[in-house]
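Shown next, in structure tokens, is the structure this report addresses.
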Amino acid sequence: MAIIVNLDVMMAKRKMSLLELSQRIEITPSNLSILKTGKAKAIRFSTLNSICNILKCTPGDILEFQPDEETLKDA
Amino acid sequence: MKMKSINLLCVCIIALMIVSTFLPTTVVLTSYLSALGNNTGYPDAELSNLTPVEVSFNPDHEELYTPTNTLDFNGEKLPVIMYQGIVMVPSSRVPSSLIADIAVLVLTLICMILIIIEFIRLIININRGKIFESANIQYIWRLGIYLLISGALECVSGIIRESNFSSIGLKMNHYDLTSEWTIPWMTFMLGLLALLLARVWQIAKTMKEEQQLTV
């Protein structure tokens with residue numbers, strides 16, 4: 001997939017652990033781990049809103065678009 | 001509560017499957033095995049007590065009929081009501097066709113047992129909360145295949161029977177009996193429905209996985 005999740009970078013900048021962030025945004029650590037490792041298929045706006053609120057960042061800081069071969073072929 | 005009603009429905013379906021499979025198969029197998037043993041299945045003593053009714057055979061119309069629908073008894077005309085008949089198997093019948101028919105019946109029985117097993121496995125998984133799983137898709141797919149096979153076996157059995165029994169229609173007033181077989185359309189339709197359901201279940205499983213990976 002061409003969307004890269006830079007959640008771990010933001011978490012390191014804000015010095016926040018996975019467990020702490022999951023507790024503050026009220027989702028399970030396993031779900032947050034799915035997002036962090038890039039295995040997630042979709043993210044709800046409400047979850048993105050909570051993450052940006054806690055980490056004091058914008059969606060662009062967490063999500064990055066890097067077109068891969070598959071995406072270039074589709075285009 | 002939902003699981004209770006699902007389980008109740010499943011128990012009813014399984015009971016119907018067992019009754020519809022084993023009852024007629026047992027009756028047919030018993031009569032065939034009696035025929036193999038050259039036994040009419042009817043005690044001779046009882047046979048001698050039966051009063052034969054004179055019937056005529058009209059080869060042009062392939063009908064068995066009584067000259068009149070009354071019987072003379074001590075000068076009194078009594079109505080003839082046929083409630084039971086005995087079909088005597090022709091002596092020229094080839095035993096191998098009987099064996100073939102029994103073999104096909106046994107295979108059909110095995111198919112029905114496999115259908116019941118797959119259905120029970122599916123229900124056990126659903127009871128455990130595993131609904132949209134690969135195993136369930138396999139069970140439903142196999143259920144469909146077995147249903148189609150059993151329908152095909154029913155056709156084969158009908159063809160074997162028809163090639164050995166002459167299809168004489170027994171006709172009397174308000175009474176009709178024939179040995180003709182029909183294609184088991186319902187069995188084929190159920191088989192195809194099960195295959196379709198397996199495909200839909202697969203789509204549902206994919207959607208469930210996507211939902212699980214939605215944060």
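Letters A, B, ... go to the chains of the structure tokens in the order shown; residues in each chain start at 1; ligands are counted from 1 in the same order.
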Counting only C-alpha atoms, which residues of chain B come no farther than 8 Å from chain A, as a PyMOL selection string?
chain B and resi 210+213-215
Using only C-alpha atoms, determine which residues lie at most 10 Å from Lys15 (chain A), disregarding the query and same-chain residues fewer than 6 positions distant; provide the list as a PDB file with N, CA, C and O atoms, in the first residue's frame.
```pdb
ATOM      1  N   ASP A   8       4.840   5.767  14.931  1.00  0.00           N
ATOM      2  CA  ASP A   8       5.951   5.510  15.866  1.00  0.00           C
ATOM      3  C   ASP A   8       6.891   6.726  15.946  1.00  0.00           C
ATOM      4  O   ASP A   8       7.438   7.023  17.020  1.00  0.00           O
ATOM      5  N   VAL A   9       7.036   7.444  14.826  1.00  0.00           N
ATOM      6  CA  VAL A   9       7.894   8.638  14.811  1.00  0.00           C
ATOM      7  C   VAL A   9       7.305   9.727  15.728  1.00  0.00           C
ATOM      8  O   VAL A   9       8.017  10.307  16.573  1.00  0.00           O
ATOM      9  N   LEU A  55      -1.450  13.647  20.429  1.00  0.00           N
ATOM     10  CA  LEU A  55      -0.049  13.853  20.023  1.00  0.00           C
ATOM     11  C   LEU A  55       0.230  15.275  19.531  1.00  0.00           C
ATOM     12  O   LEU A  55       1.369  15.603  19.183  1.00  0.00           O
TER      13      LEU A  55
END
```
Just the residues within 10 Å of Ile18 (chain B), please, counting only C-alpha atoms, with nothing from its chain fewer than 6 positions along; format it as a list in words.
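Final neighbour list, sorted by chain and number: Cys12, Met112, Ile113 and Ile116 of chain B.
For the set B:Leu192, B:Ala204, B:Ile131, B:Ile102, the residue with the smallest atom-to-atom gap to Ile145 (chain B) is B:Leu192, counting only C-alpha atoms.
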Can you pull out the residues contacting Pro59 (chain A)? Cut-off 9 Å, using only C-alpha atoms, and skip same-chain residues under 4 positions away; I want them as an mmCIF file with N, CA, C and O atoms, in the first residue's frame.
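Below is the file that was written, result35.cif:
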```
data_model
loop_
_atom_site.group_PDB
_atom_site.id
_atom_site.type_symbol
_atom_site.label_atom_id
_atom_site.label_comp_id
_atom_site.auth_asym_id
_atom_site.auth_seq_id
_atom_site.Cartn_x
_atom_site.Cartn_y
_atom_site.Cartn_z
ATOM 1 N N LEU A 48 -8.520 8.941 14.209
ATOM 2 C CA LEU A 48 -7.493 9.885 13.721
ATOM 3 C C LEU A 48 -7.569 11.198 14.490
ATOM 4 O O LEU A 48 -6.534 11.775 14.877
ATOM 5 N N ASN A 49 -8.802 11.636 14.753
ATOM 6 C CA ASN A 49 -9.033 12.854 15.515
ATOM 7 C C ASN A 49 -8.427 12.749 16.922
ATOM 8 O O ASN A 49 -7.732 13.656 17.391
ATOM 9 N N ILE A 51 -6.038 10.665 17.980
ATOM 10 C CA ILE A 51 -4.564 10.550 17.913
ATOM 11 C C ILE A 51 -3.946 11.936 17.734
ATOM 12 O O ILE A 51 -2.989 12.315 18.451
ATOM 13 N N CYS A 52 -4.480 12.722 16.796
ATOM 14 C CA CYS A 52 -3.930 14.059 16.528
ATOM 15 C C CYS A 52 -4.100 14.967 17.739
ATOM 16 O O CYS A 52 -3.235 15.799 18.036
ATOM 17 N N LEU A 63 0.260 10.332 8.584
ATOM 18 C CA LEU A 63 0.044 9.588 7.339
ATOM 19 C C LEU A 63 0.831 10.232 6.195
ATOM 20 O O LEU A 63 0.791 11.449 6.023
ATOM 21 N N GLU A 64 1.515 9.397 5.437
ATOM 22 C CA GLU A 64 2.348 9.879 4.323
ATOM 23 C C GLU A 64 2.047 9.044 3.086
ATOM 24 O O GLU A 64 1.829 7.831 3.196
#
```
Quick check, in Å to one decimal: how far apart do CA of Met3 (chain B) and CA of Lys208 (chain B) lie?
20.0 Å
Could you tell me, as a ChimeraX atom specification, which residues of chain A DSSP assigns to alpha helix (DSSP H) when given the backbone?
/A:7-13,18-25,29-36,45-55,59-62,69-74
Within 12 Å of Leu196 (chain B), counting only C-alpha atoms, which residues show up once you throw out same-chain ones fewer than 6 positions away? Write them as a VMD selection string, please.
chain B and resid 137 140 to 145 189 to 190 202 to 203
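For the pair CA of Asn6 (chain A) and CA of Ile62 (chain A), the interatomic distance is 4.7 Å.
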Could you please write out, as a list in words, every residue of chain A that DSSP assigns to strand (DSSP E or B)?
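DSSP on the backbone gives strand (DSSP E or B) at Ile3, Ile4, Val5, Ala42, Leu63, Glu64 and Phe65 of chain A.
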